[in-house]
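Student: Sharing start_29.txt here; it has compact mmCIF, C-alpha atoms.
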```
# COMPACT_ATOMS: atom_id res chain seq x y z
CA MET A 1 0.00 0.00 0.00
CA LYS A 2 1.11 3.55 -0.65
CA VAL A 3 1.91 5.33 2.62
CA VAL A 4 2.55 9.07 2.96
CA ARG A 5 5.88 9.54 4.72
CA ASN A 6 6.85 12.47 6.97
CA PRO A 7 3.64 14.49 6.42
CA VAL A 8 4.62 17.08 9.02
CA LEU A 9 7.94 17.75 7.32
CA GLN A 10 6.30 17.83 3.90
CA PHE A 11 3.69 20.31 5.11
CA LEU A 12 6.26 22.58 6.75
CA VAL A 13 8.45 22.56 3.64
CA ALA A 14 5.42 23.30 1.44
CA SER A 15 4.35 26.13 3.77
CA LEU A 16 7.81 27.71 3.77
CA LEU A 17 8.05 27.42 -0.02
CA LEU A 18 4.62 29.01 -0.40
CA PHE A 19 5.59 31.76 2.05
CA GLY A 20 8.82 32.46 0.17
CA LEU A 21 7.13 32.41 -3.24
CA THR A 22 4.33 34.71 -2.08
CA TRP A 23 6.82 37.08 -0.44
CA LEU A 24 8.92 37.14 -3.60
CA VAL A 25 5.94 37.77 -5.91
CA THR A 26 4.44 40.47 -3.70
CA GLY A 27 7.90 42.00 -3.33
CA ARG A 28 8.36 42.14 -7.09
CA LEU A 29 4.91 43.62 -7.59
CA SER A 30 5.47 46.14 -4.79
CA GLN A 31 8.86 47.04 -6.22
CA SER A 32 7.36 47.61 -9.64
CA ALA A 33 4.56 49.72 -8.13
CA ALA A 34 7.07 51.70 -6.08
CA ARG A 35 9.26 52.39 -9.12
CA ASN A 36 6.24 53.46 -11.13
CA GLU A 37 5.22 55.74 -8.28
CA ALA A 38 8.72 57.28 -8.18
CA LEU A 39 8.66 57.85 -11.96
CA ALA A 40 5.20 59.39 -11.62
CA ASP A 41 6.62 61.75 -8.99
CA ALA A 42 9.40 62.75 -11.41
CA ARG A 43 6.81 63.46 -14.12
CA VAL A 44 4.74 65.56 -11.72
CA THR A 45 7.84 67.54 -10.70
CA THR A 46 8.77 68.11 -14.36
CA ASN A 47 5.25 69.30 -15.17
CA LEU A 48 5.41 71.68 -12.22
CA LEU A 49 8.80 73.09 -13.25
CA GLY A 50 7.91 73.31 -16.91
CA HIS A 51 4.36 74.64 -16.84
CA ASP A 52 4.20 76.55 -13.55
CA VAL A 53 7.75 77.89 -13.25
CA ALA A 54 9.46 78.03 -16.64
CA GLU A 55 6.63 78.67 -19.13
CA PRO A 56 5.17 81.80 -17.44
CA ALA A 57 8.67 83.33 -17.17
CA ILE A 58 9.73 82.80 -20.82
CA PRO A 59 10.25 86.20 -22.50
CA LYS A 60 9.79 86.91 -26.18
CA GLY A 61 12.96 86.22 -28.13
CA LEU A 62 14.13 83.26 -26.06
CA ILE A 63 13.09 80.87 -28.82
CA THR A 64 15.23 82.76 -31.33
CA GLY A 65 18.26 82.74 -29.01
CA ASP A 66 18.20 86.48 -28.17
CA PRO A 67 20.95 87.02 -25.51
CA GLY A 68 18.86 89.60 -23.66
CA ALA A 69 15.88 87.25 -23.47
CA ILE A 70 18.13 84.44 -22.22
CA ASP A 71 19.56 86.74 -19.55
CA ARG A 72 16.13 87.92 -18.41
CA PHE A 73 14.80 84.34 -18.20
CA ASP A 74 17.84 83.22 -16.23
CA ARG A 75 17.44 86.06 -13.76
CA ARG A 76 13.74 85.32 -13.30
CA VAL A 77 13.77 81.56 -12.72
CA GLY A 78 17.31 80.27 -13.28
CA ASP A 79 18.15 80.08 -9.61
CA LEU A 80 14.82 78.43 -8.81
CA LEU A 81 15.28 75.81 -11.51
CA LYS A 82 18.94 75.11 -10.65
CA THR A 83 18.39 74.91 -6.91
CA HIS A 84 15.38 72.60 -7.03
CA ASP A 85 15.84 69.74 -4.60
CA ASP A 86 15.50 66.96 -7.21
CA ALA A 87 16.47 68.26 -10.66
CA VAL A 88 20.21 68.46 -11.40
CA ARG A 89 20.03 69.71 -14.98
CA ILE A 90 17.54 71.81 -16.98
CA LYS A 91 17.34 72.17 -20.78
CA ILE A 92 14.84 73.88 -23.05
CA TRP A 93 14.87 72.75 -26.69
CA ARG A 94 13.52 74.16 -29.89
CA SER A 95 11.76 71.73 -32.23
CA ASP A 96 14.79 71.70 -34.58
CA GLY A 97 17.05 70.37 -31.78
CA THR A 98 18.61 73.68 -30.74
CA ILE A 99 19.04 74.22 -27.00
CA VAL A 100 17.72 77.72 -26.27
CA TYR A 101 18.34 77.57 -22.52
CA SER A 102 20.30 75.39 -20.06
CA ASP A 103 21.83 75.86 -16.65
CA VAL A 104 25.06 74.82 -18.43
CA THR A 105 25.68 77.93 -20.52
CA GLN A 106 28.07 76.09 -22.89
CA LEU A 107 25.06 74.15 -24.27
CA ILE A 108 22.97 77.22 -25.15
CA GLY A 109 22.78 77.64 -28.90
CA GLN A 110 24.14 74.16 -29.69
CA LYS A 111 22.07 71.91 -31.90
CA PHE A 112 21.63 68.16 -31.42
CA PRO A 113 19.30 65.71 -33.13
CA LEU A 114 16.12 64.93 -31.21
CA ASP A 115 15.38 61.28 -30.62
CA GLN A 116 12.00 59.67 -31.27
CA GLU A 117 10.78 60.04 -27.70
CA GLN A 118 11.58 63.78 -27.64
CA SER A 119 9.80 64.31 -30.97
CA ASP A 120 6.75 62.39 -29.73
CA VAL A 121 6.52 64.58 -26.63
CA LEU A 122 6.67 67.74 -28.76
CA ASN A 123 3.87 66.40 -30.96
CA SER A 124 1.61 64.90 -28.28
CA GLY A 125 2.20 67.23 -25.34
CA GLN A 126 2.50 64.29 -22.95
CA THR A 127 5.18 63.90 -20.29
CA GLU A 128 7.60 61.01 -20.75
CA GLY A 129 10.83 59.86 -19.12
CA SER A 130 13.67 57.41 -19.64
CA VAL A 131 17.15 56.61 -18.39
CA SER A 132 19.68 59.02 -19.94
CA ASP A 133 22.22 57.79 -22.43
CA LEU A 134 25.26 59.62 -21.05
CA ARG A 135 27.24 58.79 -24.19
CA ARG A 136 25.21 61.24 -26.25
CA SER A 137 27.00 64.50 -27.04
CA GLU A 138 24.42 66.75 -25.35
CA ASN A 139 25.11 64.86 -22.09
CA LYS A 140 28.88 65.38 -22.12
CA PHE A 141 28.72 67.60 -19.02
CA GLU A 142 26.86 65.03 -16.91
CA THR A 143 28.96 63.34 -14.20
CA GLU A 144 26.44 61.32 -12.19
CA GLU A 145 28.04 57.90 -11.77
CA ASP A 146 24.76 56.17 -10.86
CA GLY A 147 23.02 57.48 -13.98
CA LEU A 148 20.29 60.02 -14.66
CA LEU A 149 16.60 59.94 -15.45
CA GLU A 150 15.53 62.51 -18.05
CA VAL A 151 11.90 63.60 -18.19
CA TYR A 152 10.36 65.72 -20.99
CA THR A 153 7.26 67.81 -21.28
CA ARG A 154 6.09 70.36 -23.86
CA ILE A 155 5.73 74.04 -23.03
CA ASP A 156 4.88 76.98 -25.32
CA SER A 157 6.79 80.18 -26.01
CA PRO A 158 5.08 83.61 -26.02
CA GLU A 159 5.26 83.42 -29.82
CA GLY A 160 3.03 80.28 -29.69
CA ARG A 161 5.73 77.88 -30.80
CA PRO A 162 6.32 74.57 -28.95
CA LEU A 163 9.38 74.09 -26.78
CA LEU A 164 10.67 70.90 -25.13
CA PHE A 165 11.34 71.28 -21.43
CA GLU A 166 13.77 68.67 -20.08
CA ALA A 167 14.74 67.99 -16.46
CA TYR A 168 17.36 65.49 -15.25
CA TYR A 169 17.09 63.59 -11.95
CA PRO A 170 19.67 61.31 -10.31
CA LEU A 171 18.62 57.66 -10.57
CA GLN A 172 19.68 57.27 -6.97
CA THR A 173 17.01 59.80 -5.97
CA VAL A 174 14.38 57.83 -7.91
CA GLN A 175 15.51 54.60 -6.27
CA GLU A 176 15.41 56.17 -2.83
CA ARG A 177 11.90 57.41 -3.50
CA ALA A 178 10.93 53.92 -4.69
CA SER A 179 12.36 52.46 -1.48
CA GLU A 180 10.31 54.90 0.57
CA VAL A 181 7.18 53.66 -1.17
CA LEU A 182 8.27 50.01 -1.16
CA ASN A 183 9.28 49.57 2.46
CA PRO A 184 5.75 49.96 3.92
CA PHE A 185 4.46 47.42 1.40
CA ARG A 186 7.29 45.08 2.37
CA ARG A 187 6.50 45.39 6.05
CA ILE A 188 2.77 44.94 5.54
CA SER A 189 3.13 41.91 3.26
CA THR A 190 5.79 40.30 5.48
CA LEU A 191 3.78 40.80 8.66
CA GLY A 192 0.60 39.62 6.97
CA LEU A 193 2.21 36.49 5.59
CA ALA A 194 3.92 35.78 8.89
CA ALA A 195 0.60 36.15 10.73
CA ILE A 196 -1.12 33.81 8.30
CA LEU A 197 1.72 31.31 8.65
CA LEU A 198 1.82 31.47 12.44
CA LEU A 199 -1.95 31.30 12.85
CA GLY A 200 -2.70 28.95 10.01
CA VAL A 201 0.08 26.41 10.38
CA PRO A 202 -1.06 24.96 13.73
CA ILE A 203 -4.65 24.64 12.49
CA ILE A 204 -3.80 23.17 9.11
CA LEU A 205 -1.05 21.03 10.60
CA GLY A 206 -3.50 19.60 13.12
CA LEU A 207 -5.99 18.80 10.35
CA THR A 208 -3.20 17.29 8.26
CA LEU A 209 -2.10 15.05 11.12
CA ARG A 210 -5.67 13.94 11.73
CA LEU A 211 -6.21 13.20 8.05
CA THR A 212 -2.88 11.38 7.92
CA ARG A 213 -3.75 9.24 10.91
CA ALA A 214 -7.18 8.50 9.44
CA SER A 215 -5.57 7.63 6.10
CA ARG A 216 -3.07 5.33 7.74
CA ALA A 217 -5.80 3.67 9.79
CA ARG A 218 -7.83 3.17 6.62
CA GLU A 219 -4.79 1.72 4.87
CA ARG A 220 -4.16 -0.66 7.75
CA LEU A 221 -7.80 -1.80 7.66
CA MET A 222 -7.60 -2.23 3.90
CA GLU A 223 -4.38 -4.21 4.20
CA ARG A 224 -5.96 -6.44 6.84
CA ALA A 225 -9.06 -6.89 4.68
CA ILE A 226 -6.93 -7.79 1.66
CA ASP A 227 -4.76 -10.11 3.74
CA SER A 228 -7.86 -11.77 5.18
CA SER A 229 -9.38 -12.10 1.72
CA GLU A 230 -6.17 -13.62 0.35
CA ALA A 231 -5.93 -16.01 3.31
CA GLU A 232 -9.54 -17.09 2.82
CA ARG A 233 -8.97 -17.58 -0.90
CA ARG A 234 -5.90 -19.70 -0.18
CA ARG A 235 -7.85 -21.78 2.38
CA ILE A 236 -10.77 -22.37 0.00
CA ALA A 237 -8.42 -23.25 -2.88
CA ARG A 238 -6.40 -25.59 -0.67
CA ASP A 239 -9.50 -27.33 0.75
CA LEU A 240 -10.99 -27.80 -2.71
CA HIS A 241 -7.72 -29.08 -4.12
CA ASP A 242 -6.99 -31.46 -1.26
CA GLY A 243 -10.59 -32.64 -0.90
CA VAL A 244 -13.05 -32.38 -3.77
CA VAL A 245 -10.45 -32.34 -6.57
CA GLN A 246 -8.65 -35.41 -5.23
CA GLU A 247 -11.92 -37.26 -4.71
CA LEU A 248 -13.10 -36.45 -8.24
CA ALA A 249 -9.73 -37.41 -9.72
CA GLY A 250 -9.80 -40.75 -7.84
CA THR A 251 -13.34 -41.41 -8.96
CA ALA A 252 -12.45 -40.64 -12.60
CA PHE A 253 -9.49 -43.07 -12.47
CA ALA A 254 -11.68 -45.73 -10.81
CA LEU A 255 -14.33 -45.41 -13.49
CA SER A 256 -11.69 -45.65 -16.23
CA GLY A 257 -10.28 -48.76 -14.59
CA ALA A 258 -13.70 -50.33 -14.23
CA ALA A 259 -14.43 -49.67 -17.88
CA ARG A 260 -11.42 -51.80 -18.82
CA GLU A 261 -12.74 -54.90 -17.02
CA PRO A 262 -13.36 -57.63 -19.64
CA THR A 263 -16.36 -59.09 -17.83
CA ILE A 264 -18.66 -56.08 -18.14
CA SER A 265 -21.08 -55.48 -20.96
CA SER A 266 -20.42 -53.00 -23.75
CA GLU A 267 -23.36 -50.82 -22.64
CA LEU A 268 -21.96 -50.53 -19.11
CA ARG A 269 -18.44 -49.85 -20.47
CA SER A 270 -19.78 -46.97 -22.57
CA ASP A 271 -21.62 -45.53 -19.56
CA LEU A 272 -18.49 -45.75 -17.39
CA LEU A 273 -16.33 -44.06 -20.05
CA ARG A 274 -18.87 -41.25 -20.47
CA ALA A 275 -18.99 -40.75 -16.71
CA SER A 276 -15.19 -40.75 -16.50
CA GLU A 277 -14.91 -38.15 -19.27
CA ALA A 278 -17.58 -35.99 -17.60
CA LEU A 279 -15.60 -36.11 -14.35
CA ARG A 280 -12.42 -35.08 -16.19
CA ARG A 281 -14.21 -32.08 -17.73
CA THR A 282 -15.47 -31.14 -14.30
CA LEU A 283 -11.92 -31.43 -12.95
CA ARG A 284 -10.59 -29.11 -15.65
CA GLN A 285 -13.29 -26.55 -14.92
CA LEU A 286 -12.67 -26.86 -11.20
CA ARG A 287 -8.91 -26.40 -11.63
CA SER A 288 -9.58 -23.27 -13.73
CA LEU A 289 -11.84 -22.03 -10.94
CA LEU A 290 -9.10 -22.71 -8.39
CA VAL A 291 -6.68 -20.62 -10.45
CA GLU A 292 -9.17 -17.75 -10.43
CA ILE A 293 -9.73 -18.04 -6.68
CA HIS A 294 -6.03 -18.08 -5.86
CA PRO A 295 -3.29 -19.08 -8.29
CA PRO A 296 -0.50 -21.16 -6.79
CA GLY A 297 2.85 -19.41 -6.47
CA LEU A 298 1.48 -15.89 -7.01
CA ASN A 299 4.67 -13.83 -6.69
CA ALA A 300 6.94 -11.79 -8.92
CA GLY A 301 8.56 -14.87 -10.41
CA GLY A 302 5.30 -16.75 -10.91
CA LEU A 303 3.14 -13.92 -12.25
CA GLY A 304 3.73 -14.90 -15.88
CA ALA A 305 2.67 -18.49 -15.28
CA ALA A 306 -0.36 -17.35 -13.25
CA LEU A 307 -1.47 -15.06 -16.10
CA GLU A 308 -0.96 -17.89 -18.59
CA ASP A 309 -3.22 -20.10 -16.46
CA LEU A 310 -5.71 -17.24 -16.20
CA THR A 311 -5.89 -16.82 -19.97
CA ALA A 312 -6.17 -20.58 -20.55
CA GLN A 313 -9.91 -20.33 -19.89
CA ALA A 314 -10.10 -17.59 -22.52
CA ALA A 315 -8.31 -19.87 -24.99
CA SER A 316 -10.83 -22.63 -24.30
CA SER A 317 -13.58 -20.12 -25.22
CA GLY A 318 -12.04 -19.41 -28.63
CA VAL A 319 -10.17 -16.23 -27.60
CA THR A 320 -6.51 -15.93 -28.62
CA PRO A 321 -4.51 -14.71 -25.61
CA THR A 322 -1.04 -13.10 -25.62
CA VAL A 323 0.83 -12.59 -22.33
CA SER A 324 4.02 -10.57 -21.86
CA VAL A 325 5.69 -10.02 -18.47
CA SER A 326 9.02 -8.23 -17.90
CA GLY A 327 10.92 -6.30 -15.25
CA MET A 328 8.98 -7.71 -12.29
CA GLU A 329 11.95 -8.94 -10.28
CA GLY A 330 11.74 -7.86 -6.64
CA THR A 331 8.16 -6.57 -6.88
CA PRO A 332 6.30 -6.87 -3.52
CA GLU A 333 3.62 -9.54 -3.33
CA HIS A 334 0.77 -7.08 -2.69
CA VAL A 335 1.63 -5.27 -5.94
CA VAL A 336 1.77 -8.60 -7.83
CA ALA A 337 -1.62 -9.55 -6.34
CA LEU A 338 -3.10 -6.20 -7.45
CA VAL A 339 -1.78 -6.64 -11.01
CA TRP A 340 -3.21 -10.14 -11.16
CA ARG A 341 -6.59 -9.05 -9.76
CA VAL A 342 -6.99 -6.22 -12.31
CA ALA A 343 -5.87 -8.48 -15.16
CA GLN A 344 -8.35 -11.12 -13.98
CA GLU A 345 -11.30 -8.69 -14.09
CA ALA A 346 -10.26 -7.23 -17.46
CA ILE A 347 -9.85 -10.69 -19.04
CA ARG A 348 -13.15 -11.87 -17.57
CA ASN A 349 -14.95 -8.88 -19.11
CA ALA A 350 -13.30 -9.48 -22.48
CA VAL A 351 -14.38 -13.15 -22.52
CA ARG A 352 -17.85 -12.89 -21.00
CA HIS A 353 -19.16 -9.54 -22.23
CA ALA A 354 -17.07 -8.15 -25.10
CA GLY A 355 -17.15 -11.11 -27.51
CA ALA A 356 -13.44 -10.55 -28.19
CA SER A 357 -11.40 -12.78 -30.48
CA SER A 358 -8.02 -11.76 -28.99
CA VAL A 359 -6.73 -10.42 -25.67
CA LEU A 360 -3.30 -8.88 -25.07
CA VAL A 361 -1.93 -8.77 -21.52
CA ASP A 362 1.28 -6.76 -21.07
CA VAL A 363 2.98 -6.24 -17.69
CA HIS A 364 6.14 -4.14 -17.43
CA GLY A 365 8.08 -3.04 -14.36
CA ASN A 366 10.83 -0.50 -13.88
CA GLY A 367 12.68 0.86 -10.88
CA ARG A 368 9.68 2.80 -9.52
CA GLN A 369 6.45 1.53 -11.03
CA VAL A 370 4.62 -1.43 -12.51
CA SER A 371 2.29 -0.94 -15.46
CA LEU A 372 -0.40 -3.29 -16.76
CA LYS A 373 -2.24 -3.06 -20.07
CA VAL A 374 -5.05 -5.41 -21.10
CA THR A 375 -6.39 -4.84 -24.63
CA ASP A 376 -9.20 -6.71 -26.41
CA ASP A 377 -10.79 -6.35 -29.84
CA GLY A 378 -14.33 -6.88 -28.61
CA THR A 379 -17.50 -4.86 -29.00
CA GLY A 380 -16.42 -2.15 -26.57
CA PHE A 381 -18.77 -0.04 -24.47
CA ASP A 382 -19.35 3.46 -23.10
CA PRO A 383 -17.37 3.71 -19.81
CA GLY A 384 -19.72 6.44 -18.58
CA ALA A 385 -22.89 4.43 -19.10
CA ALA A 386 -24.51 2.73 -16.13
CA GLY A 387 -26.23 -0.62 -15.89
CA ARG A 388 -23.62 -2.92 -17.45
CA GLU A 389 -22.21 -5.75 -15.40
CA ASP A 390 -18.67 -5.18 -16.71
CA SER A 391 -18.87 -1.44 -15.93
CA TYR A 392 -19.75 -2.25 -12.31
CA GLY A 393 -16.74 -4.54 -12.11
CA LEU A 394 -14.43 -1.88 -13.53
CA ARG A 395 -15.78 0.72 -11.09
CA GLY A 396 -14.99 -1.67 -8.29
CA LEU A 397 -11.46 -1.97 -9.67
CA GLN A 398 -11.07 1.81 -9.51
CA SER A 399 -11.51 1.76 -5.73
CA LEU A 400 -9.26 -1.29 -5.34
CA VAL A 401 -6.46 0.28 -7.39
CA GLN A 402 -6.71 3.64 -5.61
CA ASP A 403 -6.51 1.90 -2.25
CA GLY A 404 -3.40 0.14 -3.55
CA GLY A 405 -1.76 3.47 -4.43
CA GLY A 406 -2.24 3.13 -8.20
CA ARG A 407 -4.11 4.73 -11.10
CA LEU A 408 -6.57 2.95 -13.40
CA GLU A 409 -7.72 4.15 -16.81
CA VAL A 410 -10.33 2.48 -19.02
CA GLN A 411 -10.51 3.45 -22.69
CA SER A 412 -13.39 2.06 -24.73
CA ALA A 413 -16.16 2.94 -27.15
CA PRO A 414 -18.82 0.88 -28.89
CA GLY A 415 -17.25 -1.10 -31.72
CA VAL A 416 -13.58 -0.31 -31.01
CA GLY A 417 -12.63 -2.70 -28.20
CA THR A 418 -11.42 -1.93 -24.70
CA THR A 419 -8.04 -1.06 -23.14
CA VAL A 420 -7.51 -1.19 -19.38
CA ARG A 421 -4.34 0.50 -18.11
CA MET A 422 -3.04 0.49 -14.56
CA VAL A 423 0.08 2.07 -13.07
CA VAL A 424 1.07 1.35 -9.47
CA ASP A 425 4.14 2.21 -7.43
CA ARG A 426 6.27 -0.70 -6.34
CA GLY A 427 5.58 0.33 -2.76
```
Could you render the structure from this file as structure tokens?

Tutor:
Amino acid sequence: MKVVRNPVLQFLVASLLLFGLTWLVTGRLSQSAARNEALADARVTTNLLGHDVAEPAIPKGLITGDPGAIDRFDRRVGDLLKTHDDAVRIKIWRSDGTIVYSDVTQLIGQKFPLDQEQSDVLNSGQTEGSVSDLRRSENKFETEEDGLLEVYTRIDSPEGRPLLFEAYYPLQTVQERASEVLNPFRRISTLGLAAILLLGVPIILGLTLRLTRASRARERLMERAIDSSEAERRRIARDLHDGVVQELAGTAFALSGAAREPTISSELRSDLLRASEALRRTLRQLRSLLVEIHPPGLNAGGLGAALEDLTAQAASSGVTPTVSVSGMEGTPEHVVALVWRVAQEAIRNAVRHAGASSVLVDVHGNGRQVSLKVTDDGTGFDPGAAGREDSYGLRGLQSLVQDGGGRLEVQSAPGVGTTVRMVVDRG
């Protein structure tokens, strides 16, 4: 029988794995949410600087690069833009790629190609951000070792022409902001999971132990029932063999001997021979019945011979049997008995109900499992239909195989034969 080993350890390991997986997933989701929140903060800051600080202070002529306009704009808001707590660099671009203002005066008036994201912001008016490529020529004055995040938004000049407002933020600042958002989530999720684990484990563990004990008790009862059934089968087979079979065999021999007496009449000799032959047929049927009740030597080494004896009755009914057994060395007796019992029911159904002309019985064992396949070419049936005698027998096998720690599958349909497959652990 299949017995669950170390259920407490298995449950604790599963609980810890589930805790770790949940913590990891929630951590990743929280981290992503925190980073998105930090990026959203950078966009809000850029919108504030661009639309509320820079745009109202832009004088006429700044877009054309007028030195006086640049000087006036710098005096109005330059200090505010440059001393903002988060932004470390400010640039205002014209749509042709010319920088009309920057807190780095060397960049004013220089022209650089706009990338696709910058052009999209100028066209759509949305606010976008990305990690700066410090290798680009317009970023040659940037020295942040941890990298920069550049965020763009569109503003308008007094002349009504669009300008691209760009602010740079240290990635470290964004990461710190993300950590500020993430840490409360981390604490909440960790404490929540820990509370669930601490409160739930004793309850679920107690239920698991009770179910395990009940399962083991059920398995012990099933094992005792099977052992009792096997013992009773052996006793009945032994009593029939040592009693009735021997008596019938002796009577058949006595009748044959009496029929050879020269002093009896021909009519009596014929009657004695017919009676002797009838007793021999009865003996053959009784021996077949004894094999079905309990085959002699039912173990790993004798399974092939037992299945051959089992299919002999099918052969006498005009069914061609084929038996193949391999890899069964060292298989426990209760597994061998289960294989034989399932094969017995499948063969009986093929002979009595399916009208099959051939039956294939294949048993194969490996290091972990034993598989059985019984295939017939009979009439087949609908496994889901109720009311058939063979379907009741197969449903009974399902319970027997499950109790033995195996899996049973029945494939059939009207007119296409039946295949019964079973896989069971060696135990």

Student: When you look at Gln369 of chain A with a cut-off of 9 Å (counting all atoms listed in the file), what residues show up, excluding the ones that are within fewer than 6 positions of it in the same chain? I need them as a list in words.

Tutor: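 Counting all atoms listed in the file, the residues come to Val423, Val424, Asp425, Arg426 and Gly427 of chain A.
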
Student: Do you know which residues are at most 12 Å from Thr64 of chain A counting all atoms listed in the file, after dropping those on the same chain fewer than 4 positions away, and could you put them as a ChimeraX atom specification?

Tutor: /A:58-60,68-70,93-96,98-101,108-109,157-159,161,163

Student: Could you pull the residues within 8 Å of segment 244-249 of chain A, counting all atoms listed in the file, minus those fewer than 5 positions along the same chain, as a PyMOL selection string?

Tutor: chain A and resi 239+279-280+283+286-287

Student: What separation in Å, quoted to one decimal, exists between atom CA of Arg421 of chain A and atom CA of Arg352 of chain A?

Tutor: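 So the two atoms, atom CA of Arg421 of chain A and atom CA of Arg352 of chain A, lie 19.2 Å apart.
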
Student: What gap, in Å, lies between atom CA of Lys373 of chain A and atom CA of Arg407 of chain A?

Tutor: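 Between atom CA of Lys373 of chain A and atom CA of Arg407 of chain A the gap is 12.0 Å.
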